[in-house]
Amino acid sequence: MDGTDNDKGIPTMLLRSALCAAVLLLCHPNASFAQDAARSVLAEQGLAGRIDAAIAPYFKADAPGATVIVVKDGKTVLRRAYGMADTSKNIDMTPEMALRIGSLTKQFTATAILMLLEEGKLSLDDDITRHLPDYPTRGKKITIEHLLTHTSGIVSYTSKPGYGAGMAQNLTVAQMIDSFKNDPLDFEPGSQFRYNNSGYFLLGAIIEKVSGQSYASFLEQRIFKPLGMNDTYYEGVGRSKAPVAAGHTRSGTGFGPAKPLSMTQPYAAGSLVSTVDDLARWDAAVSSGKLLKPASWQRAFTPYRLSDGKPTTYGYGWGISQVQGSAAIGHSGGINGFSTYGLRLPDQKVYVAVLTNSDAGPANPSVVARKAAAIAIGKPYREFTEAKLDAAALDAVAGTYEVEKGVQRVFRRTADGLVTQRTGLPPTPVKAASSTEFFLPGSLDWFEFQRGADGKVVAVTHHQDGKPIVSPRIGNAPPARQAIKIANASFDTRVGRYELAPGFVLELTREGDRYFAQATRQGKLEIFPMSETAFFAERVDAEISFEGQDLVLKQGGRNTPGRKL
């Protein structure tokens with residue numbers, strides 16, 4: 001009566017169905033493999049659809065676009081193009097197109113150095129003067145490893161004032177080195193991490209000196225050709241059959257052509273052009289241990305430690321981070337007309353490359369790549385929808401929170417909503433998803449506020465790449481700085497150059513009713529008066545005050561006096 005005819009209570013019909021299926025599989029042994037293959041194809045199609053649905057909204061059909069590839073377990077899961085390759089000619093982007101990859105070039109430069117290391121032609125501990133004897137190190141030992149890890153202290157030529165004015169000029173390797181070699185060091189070699197294009201430029205010169213080949217030829221013959229990367233080359237030196245996307249930059253009326261740039265200047269720091277297909281081939285080679293010994297690859301992916309023992313988040317040509325708690329190795333690229341990101345998750349055998357043909361949006365390739373990778377490993381980032389909160393709800397979470405000793409994060413209510421500001425960084429708007437959850441638009445980060453037994457907020461958790469950072473509330477938010485109107489004549493008495501350190505000057509200027517400060521090798525920054533003797537910047541967390549003819553720069557918890565020159 002209950003439909004079973006066995007002592008384990010299995011329904012008769014289901015038992016017979018299972019037996020029939022078993023007989024069929026015995027008669028057709030390939031059937032199970034075919035079913036597994038079909039399921040695998042369906043799973044890949046489903047994964048591709050989820051990734052596409054998550055990243056497609058970042059791009060518009062009539063704006064600069066991107067080529068994207070996602071590889072998992074050696075199989076291409078998604079290979080797509082979005083937007084336009086050339087907005088002026090109305091040409092759509094296609095997946096096989098070649099684009100500038102910017103600083104993704106650095107991983108190829110680093111690999112070339114490690115190849116020469118394994119051949120016994122150099123040591124990472126070599127003083128750079130062993131290979132570049134005319135380089136002035138001012139008595140300091142600057143090693144090849146310092147160049148690889150952005151810890152040399154050498155001035156980065158792309159951050160020097162006025163660099164942009166000469167970007168289109170063709171220069172030799174020696175002329176480019178001459179443009180920065182005589183500048184004072186920014187810090188003691190090995191003591192700080194500061195991203196540095198000069199270091200990788202010098203690595204290119206060392207590759208040429210040690211190998212006896214040009215940088216472009218070495219990469220082509222030793223890396224690109226052996227790996228079948230036929231569409232990767234030094235722009236202006238090599239070429240391929242792949243169509244090339246045009247670079248764009250944002251203007252007041254939309255997107256226009258990128259600013260001209262001679263590719264003699266990026267050189268070993270950012271001169272390469274590639275396709276997502278070639279970058280996938282590159283990652284496959286890296287993952288399978290080609291070109292280098294396992295120990296060398298491991299060293300490239302290990303965070304460098306500064307002279308005080310503190311780890312950085314950079315190895316040799318790759319940055320080290322996490323995606324939803326999983327180890328990630330990657331790099332961004334930004335160059336005239338293009339923004340890029342390459343990301344590998346070695347434990348999950350996932351690789352993502354995003355190449356965009358605009359240097360200013362509409363999409364952030366890092367966000368796109370991380371979002372795609374997270375979906376590929378089954379740990380998608382949370383998606384948030386903005387919720388409207390009243391002023392009282394925003395005031396409840398406003399306050400000062402301690403990230404670590406000497407570093408705070410402030411949440412402050414403004415007329416437009418809530419902003420957050422970490423010590424030393426500019427304020428950033430945050431949007432509410434609920435009364436306790438807030439997210440950063442255009443980012444993958446979000447904040448979650450915790451309340452005590454009395455209902456008051458006691459801490460905030462910053463969720464960043466699956467790594468929660470809890471910061472206790474230590475007080476109210478300080479009042480926002482308010483700009484006032486002062487007479488231009490009053491500011492004119494402050495105009496001039498102030499020496500903050502030997503070789504490091506802060507210059508104050510006025511343009512009409514606007515006031516500016518510009519530090520050596522940095523961009524111009526607008527400042528606003530709080531009084532006739534105190535000014536603040538909005539883009540960075542800094543204040544300037546005057547004592548007589550001299551000034552004091554307050555930034556990062558330090559007061560730095562400056563003598564007027």
# chains A, B, ... in the order shown; residues from 1 in each chain; ligands from 1
call {"tool": "residues_around", "arguments": {"residues": "Tyr267 (chain A)", "least_positions_apart": "5", "cutoff": "9 Å", "atoms": "only C-alpha atoms", "output": "NGL selection string"}}
result
:A and (105 or 173 or 200-201 or 204 or 215-216 or 234 or 272)
call {"tool": "select_by_dssp", "arguments": {"residues": "region 231-286 of chain A", "states": "helix (DSSP H, G or I)", "output": "ChimeraX atom specification"}}
result
/A:267-269,276-286
call {"tool": "write_last_selection", "arguments": {"atoms": "C-alpha atoms", "output": "PDB file, in the first residue's frame"}}
result
ATOM      1  CA  TYR A 267      59.615  52.534 -22.188  1.00  0.00           C
ATOM      2  CA  ALA A 268      60.049  49.636 -19.727  1.00  0.00           C
ATOM      3  CA  ALA A 269      57.520  51.193 -17.340  1.00  0.00           C
ATOM      4  CA  VAL A 276      43.252  39.995 -23.778  1.00  0.00           C
ATOM      5  CA  ASP A 277      43.975  36.747 -25.650  1.00  0.00           C
ATOM      6  CA  ASP A 278      47.720  37.305 -25.412  1.00  0.00           C
ATOM      7  CA  LEU A 279      47.454  38.261 -21.751  1.00  0.00           C
ATOM      8  CA  ALA A 280      45.597  34.999 -21.123  1.00  0.00           C
ATOM      9  CA  ARG A 281      48.464  33.171 -22.854  1.00  0.00           C
ATOM     10  CA  TRP A 282      50.861  35.078 -20.626  1.00  0.00           C
ATOM     11  CA  ASP A 283      49.034  34.025 -17.482  1.00  0.00           C
ATOM     12  CA  ALA A 284      48.913  30.410 -18.649  1.00  0.00           C
ATOM     13  CA  ALA A 285      52.698  30.520 -19.047  1.00  0.00           C
ATOM     14  CA  VAL A 286      53.159  32.069 -15.609  1.00  0.00           C
TER      15      VAL A 286
END
call {"tool": "residues_around", "arguments": {"residues": "Thr76 (chain A)", "least_positions_apart": "3", "cutoff": "10 Å", "atoms": "only C-alpha atoms", "output": "list in words"}}
result
Glu44, Ala48, Ile69, Val70, Val71, Lys72, Asp73, Arg79, Asp277, Ala280, Val350, Tyr351 and Val352 of chain A
call {"tool": "residues_around", "arguments": {"residues": "Arg138 (chain A)", "least_positions_apart": "2", "cutoff": "10 Å", "atoms": "only C-alpha atoms", "output": "PyMOL selection string"}}
result
chain A and resi 135-136+140-142+182+184-185
call {"tool": "write_last_selection", "arguments": {"atoms": "C-alpha atoms", "output": "compact mmCIF listing (two decimals), in the first residue's frame"}}
result
# COMPACT_ATOMS: atom_id res chain seq x y z
CA TYR A 135 74.19 57.15 -12.46
CA PRO A 136 74.65 59.47 -9.44
CA LYS A 140 73.59 55.60 -1.28
CA LYS A 141 73.33 51.95 -2.30
CA ILE A 142 70.40 51.66 -4.69
CA ASN A 182 70.21 64.63 -10.76
CA PRO A 184 67.54 64.60 -4.85
CA LEU A 185 66.27 61.27 -3.53
call {"tool": "select_by_dssp", "arguments": {"residues": "region 371-473 of chain A", "states": "strand (DSSP E or B)", "output": "MDAnalysis selection string"}}
result
chainID A and resid 399:404 407:414 417:422 428:432 437:439 446:451 457:464 467:473
call {"tool": "write_last_selection", "arguments": {"atoms": "N, CA and C atoms", "output": "tab-separated table (two decimals), in the first residue's frame"}}
result
chain	number	residue	atom	x	y	z
A	399	GLY	N	30.93	60.40	13.17
A	399	GLY	CA	31.87	60.35	14.28
A	399	GLY	C	33.28	60.08	13.80
A	400	THR	N	34.18	59.95	14.76
A	400	THR	CA	35.58	59.64	14.48
A	400	THR	C	35.87	58.23	14.95
A	401	TYR	N	36.51	57.43	14.08
A	401	TYR	CA	36.79	56.03	14.35
A	401	TYR	C	38.29	55.78	14.16
A	402	GLU	N	38.88	55.01	15.07
A	402	GLU	CA	40.32	54.78	15.04
A	402	GLU	C	40.64	53.53	14.21
A	403	VAL	N	41.35	53.74	13.09
A	403	VAL	CA	41.76	52.62	12.23
A	403	VAL	C	42.98	51.93	12.83
A	404	GLU	N	43.95	52.73	13.21
A	404	GLU	CA	45.15	52.27	13.90
A	404	GLU	C	45.77	53.49	14.57
A	407	VAL	N	45.97	56.94	12.86
A	407	VAL	CA	45.16	56.94	11.65
A	407	VAL	C	43.70	56.85	12.03
A	408	GLN	N	42.93	57.80	11.58
A	408	GLN	CA	41.51	57.84	11.91
A	408	GLN	C	40.66	57.90	10.64
A	409	ARG	N	39.42	57.49	10.80
A	409	ARG	CA	38.44	57.64	9.72
A	409	ARG	C	37.26	58.42	10.30
A	410	VAL	N	36.92	59.51	9.62
A	410	VAL	CA	35.83	60.37	10.07
A	410	VAL	C	34.64	60.21	9.14
A	411	PHE	N	33.46	60.07	9.72
A	411	PHE	CA	32.21	60.13	8.96
A	411	PHE	C	31.51	61.41	9.36
A	412	ARG	N	31.14	62.21	8.37
A	412	ARG	CA	30.56	63.52	8.66
A	412	ARG	C	29.35	63.75	7.76
A	413	ARG	N	28.27	64.28	8.34
A	413	ARG	CA	27.09	64.61	7.54
A	413	ARG	C	27.29	65.97	6.90
A	414	THR	N	26.96	66.05	5.61
A	414	THR	CA	27.02	67.31	4.87
A	414	THR	C	25.63	67.59	4.31
A	417	GLY	N	24.64	64.65	2.15
A	417	GLY	CA	24.57	63.29	2.69
A	417	GLY	C	25.72	63.02	3.64
A	418	LEU	N	26.36	61.86	3.47
A	418	LEU	CA	27.44	61.45	4.37
A	418	LEU	C	28.73	61.33	3.58
A	419	VAL	N	29.83	61.81	4.17
A	419	VAL	CA	31.16	61.64	3.56
A	419	VAL	C	32.06	60.96	4.58
A	420	THR	N	33.07	60.26	4.07
A	420	THR	CA	34.06	59.65	4.95
A	420	THR	C	35.43	60.14	4.53
A	421	GLN	N	36.31	60.29	5.50
A	421	GLN	CA	37.67	60.75	5.22
A	421	GLN	C	38.65	60.05	6.14
A	422	ARG	N	39.61	59.36	5.53
A	422	ARG	CA	40.68	58.73	6.29
A	422	ARG	C	41.85	59.68	6.39
A	428	THR	N	35.34	61.42	0.79
A	428	THR	CA	34.66	60.65	-0.25
A	428	THR	C	33.20	60.45	0.13
A	429	PRO	N	32.27	60.71	-0.76
A	429	PRO	CA	30.85	60.48	-0.44
A	429	PRO	C	30.56	58.99	-0.25
A	430	VAL	N	29.69	58.67	0.69
A	430	VAL	CA	29.20	57.31	0.88
A	430	VAL	C	27.69	57.33	0.81
A	431	LYS	N	27.11	56.24	0.34
A	431	LYS	CA	25.66	56.14	0.20
A	431	LYS	C	25.11	55.09	1.16
A	432	ALA	N	23.92	55.34	1.64
A	432	ALA	CA	23.29	54.43	2.59
A	432	ALA	C	22.57	53.31	1.86
A	437	GLU	N	24.36	50.12	7.05
A	437	GLU	CA	25.26	49.72	5.96
A	437	GLU	C	25.37	50.85	4.94
A	438	PHE	N	26.62	51.19	4.60
A	438	PHE	CA	26.89	52.25	3.64
A	438	PHE	C	27.94	51.77	2.64
A	439	PHE	N	27.86	52.24	1.41
A	439	PHE	CA	28.79	51.78	0.38
A	439	PHE	C	29.42	52.97	-0.35
A	446	TRP	N	32.54	48.60	1.42
A	446	TRP	CA	31.36	49.06	2.13
A	446	TRP	C	31.62	49.05	3.62
A	447	PHE	N	30.77	49.77	4.36
A	447	PHE	CA	30.94	49.94	5.80
A	447	PHE	C	29.70	49.44	6.54
A	448	GLU	N	29.93	48.83	7.67
A	448	GLU	CA	28.84	48.32	8.50
A	448	GLU	C	29.05	48.83	9.93
A	449	PHE	N	28.06	49.54	10.45
A	449	PHE	CA	28.17	50.13	11.78
A	449	PHE	C	27.58	49.18	12.82
A	450	GLN	N	28.28	49.08	13.96
A	450	GLN	CA	27.81	48.23	15.06
A	450	GLN	C	27.30	49.11	16.21
A	451	ARG	N	26.23	48.65	16.83
A	451	ARG	CA	25.63	49.39	17.94
A	451	ARG	C	25.80	48.63	19.25
A	457	VAL	N	25.99	53.84	18.20
A	457	VAL	CA	27.05	53.24	17.39
A	457	VAL	C	28.35	53.23	18.19
A	458	VAL	N	29.02	52.06	18.19
A	458	VAL	CA	30.27	51.91	18.95
A	458	VAL	C	31.46	51.58	18.05
A	459	ALA	N	31.20	51.16	16.81
A	459	ALA	CA	32.30	50.79	15.92
A	459	ALA	C	31.80	50.73	14.48
A	460	VAL	N	32.74	50.71	13.56
A	460	VAL	CA	32.42	50.52	12.14
A	460	VAL	C	33.36	49.47	11.57
A	461	THR	N	32.83	48.60	10.72
A	461	THR	CA	33.63	47.59	10.04
A	461	THR	C	33.75	47.97	8.57
A	462	HIS	N	34.98	48.11	8.11
A	462	HIS	CA	35.24	48.41	6.71
A	462	HIS	C	35.46	47.07	6.00
A	463	HIS	N	34.56	46.72	5.10
A	463	HIS	CA	34.67	45.48	4.34
A	463	HIS	C	35.42	45.78	3.04
A	464	GLN	N	36.61	45.21	2.93
A	464	GLN	CA	37.48	45.50	1.80
A	464	GLN	C	38.07	44.19	1.28
A	467	LYS	N	38.09	41.30	3.58
A	467	LYS	CA	38.91	41.45	4.78
A	467	LYS	C	38.30	42.53	5.66
A	468	PRO	N	37.57	42.16	6.71
A	468	PRO	CA	36.92	43.17	7.56
A	468	PRO	C	37.93	43.87	8.47
A	469	ILE	N	37.82	45.20	8.54
A	469	ILE	CA	38.67	46.00	9.39
A	469	ILE	C	37.77	46.75	10.36
A	470	VAL	N	37.85	46.42	11.63
A	470	VAL	CA	36.98	47.00	12.65
A	470	VAL	C	37.67	48.19	13.29
A	471	SER	N	36.95	49.32	13.36
A	471	SER	CA	37.48	50.54	13.95
A	471	SER	C	36.53	51.04	15.02
A	472	PRO	N	36.96	51.13	16.28
A	472	PRO	CA	36.08	51.62	17.35
A	472	PRO	C	35.83	53.11	17.23
A	473	ARG	N	34.66	53.53	17.66
A	473	ARG	CA	34.32	54.95	17.67
A	473	ARG	C	35.02	55.60	18.86
call {"tool": "residues_around", "arguments": {"residues": "Ser545 (chain A)", "least_positions_apart": "5", "cutoff": "9 Å", "atoms": "only C-alpha atoms", "output": "list in words"}}
result
Thr533, Ala534, Phe535, Phe536, Asp550, Leu551, Val552, Leu553 and Lys554 of chain A
call {"tool": "write_last_selection", "arguments": {"atoms": "N, CA and C atoms", "output": "PDB file, in the first residue's frame"}}
result
ATOM      1  N   THR A 533      45.447  83.760   7.733  1.00  0.00           N
ATOM      2  CA  THR A 533      46.726  83.087   8.012  1.00  0.00           C
ATOM      3  C   THR A 533      46.606  81.567   8.009  1.00  0.00           C
ATOM      4  N   ALA A 534      45.451  81.014   7.640  1.00  0.00           N
ATOM      5  CA  ALA A 534      45.267  79.556   7.641  1.00  0.00           C
ATOM      6  C   ALA A 534      44.458  79.134   6.420  1.00  0.00           C
ATOM      7  N   PHE A 535      44.915  78.065   5.767  1.00  0.00           N
ATOM      8  CA  PHE A 535      44.295  77.578   4.537  1.00  0.00           C
ATOM      9  C   PHE A 535      44.204  76.047   4.589  1.00  0.00           C
ATOM     10  N   PHE A 536      43.248  75.506   3.844  1.00  0.00           N
ATOM     11  CA  PHE A 536      43.111  74.051   3.798  1.00  0.00           C
ATOM     12  C   PHE A 536      42.879  73.589   2.361  1.00  0.00           C
ATOM     13  N   ASP A 550      57.066  82.785   7.445  1.00  0.00           N
ATOM     14  CA  ASP A 550      57.203  81.356   7.172  1.00  0.00           C
ATOM     15  C   ASP A 550      55.873  80.643   7.344  1.00  0.00           C
ATOM     16  N   LEU A 551      55.806  79.420   6.834  1.00  0.00           N
ATOM     17  CA  LEU A 551      54.559  78.653   6.943  1.00  0.00           C
ATOM     18  C   LEU A 551      54.798  77.325   7.642  1.00  0.00           C
ATOM     19  N   VAL A 552      53.690  76.683   8.011  1.00  0.00           N
ATOM     20  CA  VAL A 552      53.722  75.337   8.582  1.00  0.00           C
ATOM     21  C   VAL A 552      52.718  74.489   7.808  1.00  0.00           C
ATOM     22  N   LEU A 553      53.179  73.374   7.263  1.00  0.00           N
ATOM     23  CA  LEU A 553      52.308  72.424   6.569  1.00  0.00           C
ATOM     24  C   LEU A 553      51.896  71.340   7.553  1.00  0.00           C
ATOM     25  N   LYS A 554      50.587  71.202   7.754  1.00  0.00           N
ATOM     26  CA  LYS A 554      50.062  70.179   8.661  1.00  0.00           C
ATOM     27  C   LYS A 554      49.439  69.065   7.823  1.00  0.00           C
TER      28      LYS A 554
END
